[in-house]
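*Asks:* For reference, the structure I am asking about is given below.
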Amino acid sequence: MDIENKVRDLIESVITENGYTIDSISYVKEGSLYFLRVVIDKVGIIDVEDCVTVSRLINPILDENDPIEDDNYILDVCSKEGSE
């Protein structure tokens with residue numbers, strides 16, 4: 001199973017329980033840094049506080065389960081509009 005699907009399996013339920021949906025998940029290298037980018041959506045407008053809320057919800061889950069064992073990465077939770 002690839003990293004994106006592992007992450008989705010870990011975090012999707014907590015995200016949907018809180019009124020959000022996952023638009024996409026990607027694990028990418030930009031320059032020398034790796035990013036785990038989780039693009040979220042919901043009914044209405046997504047603002048920075050929504051991204052912070054989701055980040056706080058999923059960060060402990062990712063820390064506990066460590067789906068990306070070999071690399072350090074930056075968790076980037078953003079809105080669909082902000083990722084285009």
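Residues are named by chain letter and number: chains run A, B, ... in the order of the structure tokens, numbers start at 1 in each chain, and ligands are numbered from 1 in the order shown.
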List the neighbours of segment 39-45 of chain A out to 9 Å using only C-alpha atoms; skip same-chain residues closer than 3 positions along the sequence, and give me the result as a PyMOL selection string.
*Replies:* chain A and resi 15+19-26+50-51+54+76-83
*Asks:* Filtering to all heavy atoms, could you give me those residues as a tab-separated table (two decimals), in the first residue's frame?
*Replies:*
```tsv
chain	number	residue	atom	x	y	z
A	15	ILE	N	-11.44	12.99	10.17
A	15	ILE	CA	-11.72	14.17	9.35
A	15	ILE	C	-13.21	14.26	9.02
A	15	ILE	O	-13.83	15.31	9.18
A	15	ILE	CB	-10.85	14.16	8.08
A	15	ILE	CG1	-9.40	14.49	8.46
A	15	ILE	CG2	-11.37	15.17	7.04
A	15	ILE	CD1	-8.42	14.46	7.32
A	19	GLY	N	-16.70	17.03	10.01
A	19	GLY	CA	-17.37	17.83	8.99
A	19	GLY	C	-16.55	18.19	7.77
A	19	GLY	O	-16.94	19.05	6.99
A	20	TYR	N	-15.41	17.52	7.60
A	20	TYR	CA	-14.55	17.80	6.45
A	20	TYR	C	-14.48	16.57	5.55
A	20	TYR	O	-14.83	15.47	5.96
A	20	TYR	CB	-13.13	18.15	6.91
A	20	TYR	CG	-13.07	19.35	7.83
A	20	TYR	CD1	-13.05	19.19	9.21
A	20	TYR	CD2	-13.06	20.64	7.31
A	20	TYR	CE1	-13.01	20.29	10.06
A	20	TYR	CE2	-13.01	21.74	8.15
A	20	TYR	CZ	-12.99	21.56	9.52
A	20	TYR	OH	-12.95	22.64	10.36
A	21	THR	N	-13.99	16.78	4.34
A	21	THR	CA	-13.69	15.66	3.44
A	21	THR	C	-12.25	15.81	2.96
A	21	THR	O	-11.69	16.92	2.96
A	21	THR	CB	-14.62	15.63	2.22
A	21	THR	OG1	-14.50	16.86	1.50
A	21	THR	CG2	-16.07	15.41	2.61
A	22	ILE	N	-11.67	14.69	2.57
A	22	ILE	CA	-10.33	14.72	2.00
A	22	ILE	C	-10.48	14.84	0.49
A	22	ILE	O	-11.11	14.00	-0.14
A	22	ILE	CB	-9.55	13.43	2.33
A	22	ILE	CG1	-9.34	13.32	3.85
A	22	ILE	CG2	-8.21	13.42	1.60
A	22	ILE	CD1	-8.71	12.01	4.27
A	23	ASP	N	-9.91	15.89	-0.07
A	23	ASP	CA	-9.91	16.04	-1.51
A	23	ASP	C	-8.75	15.24	-2.11
A	23	ASP	O	-8.93	14.54	-3.09
A	23	ASP	CB	-9.79	17.52	-1.90
A	23	ASP	CG	-9.87	17.72	-3.39
A	23	ASP	OD1	-10.98	17.54	-3.93
A	23	ASP	OD2	-8.84	18.02	-4.00
A	24	SER	N	-7.58	15.35	-1.49
A	24	SER	CA	-6.43	14.57	-1.96
A	24	SER	C	-5.37	14.51	-0.88
A	24	SER	O	-5.34	15.32	0.04
A	24	SER	CB	-5.84	15.18	-3.24
A	24	SER	OG	-5.30	16.46	-2.96
A	25	ILE	N	-4.50	13.52	-1.02
A	25	ILE	CA	-3.33	13.38	-0.16
A	25	ILE	C	-2.15	13.11	-1.07
A	25	ILE	O	-2.22	12.27	-1.97
A	25	ILE	CB	-3.51	12.20	0.83
A	25	ILE	CG1	-4.68	12.45	1.77
A	25	ILE	CG2	-2.21	11.97	1.62
A	25	ILE	CD1	-5.02	11.27	2.65
A	26	SER	N	-1.06	13.84	-0.85
A	26	SER	CA	0.14	13.60	-1.65
A	26	SER	C	1.36	13.68	-0.75
A	26	SER	O	1.39	14.42	0.23
A	26	SER	CB	0.24	14.60	-2.80
A	26	SER	OG	0.28	15.93	-2.31
A	50	ASP	N	-9.78	26.28	9.78
A	50	ASP	CA	-10.15	24.91	9.41
A	50	ASP	C	-8.90	24.06	9.20
A	50	ASP	O	-8.82	22.92	9.66
A	50	ASP	CB	-11.00	24.89	8.14
A	50	ASP	CG	-12.38	25.48	8.35
A	50	ASP	OD1	-13.06	25.08	9.31
A	50	ASP	OD2	-12.77	26.34	7.54
A	51	CYS	N	-7.93	24.62	8.52
A	51	CYS	CA	-6.68	23.89	8.26
A	51	CYS	C	-5.94	23.60	9.56
A	51	CYS	O	-5.42	22.50	9.75
A	51	CYS	CB	-5.80	24.67	7.29
A	51	CYS	SG	-6.55	24.87	5.65
A	54	VAL	N	-7.89	20.76	11.45
A	54	VAL	CA	-7.63	19.42	10.89
A	54	VAL	C	-6.20	18.99	11.19
A	54	VAL	O	-5.95	17.83	11.53
A	54	VAL	CB	-7.94	19.39	9.37
A	54	VAL	CG1	-7.46	18.09	8.74
A	54	VAL	CG2	-9.43	19.59	9.14
A	76	ASP	N	1.31	19.45	5.75
A	76	ASP	CA	0.72	20.64	5.13
A	76	ASP	C	-0.76	20.36	4.88
A	76	ASP	O	-1.10	19.60	3.98
A	76	ASP	CB	1.46	20.94	3.82
A	76	ASP	CG	0.89	22.14	3.08
A	76	ASP	OD1	0.21	22.97	3.72
A	76	ASP	OD2	1.14	22.25	1.87
A	77	VAL	N	-1.61	20.94	5.72
A	77	VAL	CA	-3.06	20.82	5.53
A	77	VAL	C	-3.52	22.10	4.87
A	77	VAL	O	-3.28	23.20	5.37
A	77	VAL	CB	-3.80	20.61	6.87
A	77	VAL	CG1	-5.31	20.56	6.65
A	77	VAL	CG2	-3.31	19.33	7.55
A	78	CYS	N	-4.18	21.97	3.71
A	78	CYS	CA	-4.60	23.15	2.98
A	78	CYS	C	-5.97	22.91	2.34
A	78	CYS	O	-6.46	21.80	2.29
A	78	CYS	CB	-3.57	23.56	1.94
A	78	CYS	SG	-3.15	22.28	0.76
A	79	SER	N	-6.55	24.00	1.85
A	79	SER	CA	-7.86	23.90	1.20
A	79	SER	C	-7.68	23.59	-0.27
A	79	SER	O	-6.62	23.82	-0.85
A	79	SER	CB	-8.63	25.20	1.37
A	79	SER	OG	-8.02	26.22	0.62
A	80	LYS	N	-8.74	23.09	-0.86
A	80	LYS	CA	-8.71	22.77	-2.28
A	80	LYS	C	-8.34	24.01	-3.11
A	80	LYS	O	-7.53	23.93	-4.01
A	80	LYS	CB	-10.09	22.24	-2.70
A	80	LYS	CG	-10.14	21.67	-4.07
A	80	LYS	CD	-11.47	21.02	-4.32
A	80	LYS	CE	-11.57	20.45	-5.71
A	80	LYS	NZ	-12.84	19.79	-5.94
A	81	GLU	N	-8.90	25.14	-2.76
A	81	GLU	CA	-8.63	26.37	-3.50
A	81	GLU	C	-7.17	26.77	-3.35
A	81	GLU	O	-6.55	27.25	-4.27
A	81	GLU	CB	-9.52	27.53	-3.01
A	81	GLU	CG	-10.98	27.34	-3.27
A	81	GLU	CD	-11.68	26.42	-2.28
A	81	GLU	OE1	-11.21	26.30	-1.11
A	81	GLU	OE2	-12.67	25.79	-2.65
A	82	GLY	N	-6.60	26.55	-2.17
A	82	GLY	CA	-5.23	26.96	-1.91
A	82	GLY	C	-4.20	26.06	-2.56
A	82	GLY	O	-3.04	26.41	-2.66
A	83	SER	N	-4.62	24.89	-3.02
A	83	SER	CA	-3.66	23.93	-3.56
A	83	SER	C	-3.59	23.96	-5.08
A	83	SER	O	-2.78	23.29	-5.68
A	83	SER	CB	-4.02	22.51	-3.12
A	83	SER	OG	-5.23	22.11	-3.73
```
*Asks:* For Pro67 of chain A, list every protein, DNA or RNA residue within 7 Å, evaluated using only C-alpha atoms, and leave out those in the same chain fewer than 6 positions away; present the list as a CSV table (one decimal) with C-alpha atoms, in the first residue's frame.
*Replies:*
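The resulting selection.csv:
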```csv
chain,number,residue,atom,x,y,z
A,3,ILE,CA,1.9,6.2,1.6
A,6,LYS,CA,-1.9,4.4,4.4
A,7,VAL,CA,-2.4,8.0,5.5
```
*Asks:* Give me every strand (DSSP E) residue in chain A, going by DSSP on the backbone, as a list of chain:residue names.
*Replies:*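 Filtering chain A down to strand (DSSP E) leaves A:Thr21, A:Ile22, A:Asp23, A:Ser24, A:Ile25, A:Ser26, A:Tyr27, A:Val28, A:Lys29, A:Glu30, A:Leu33, A:Tyr34, A:Phe35, A:Leu36, A:Arg37, A:Val38, A:Val39, A:Ile40, A:Asp41, A:Ile74, A:Leu75, A:Asp76, A:Val77, A:Cys78, A:Ser79.
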*Asks:* Between atom CA of Thr16 of chain A and atom CA of Asp66 of chain A, what is the distance in Å, rounded to a tenth?
*Replies:*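 Between these atoms lies a distance of 20.8 Å.
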*Asks:* List every residue of chain A that DSSP, applied to the backbone of this structure, places in helix (DSSP H, G or I), and write the result as a PyMOL selection string.
*Replies:* chain A and resi 3-17+48-65+80-83
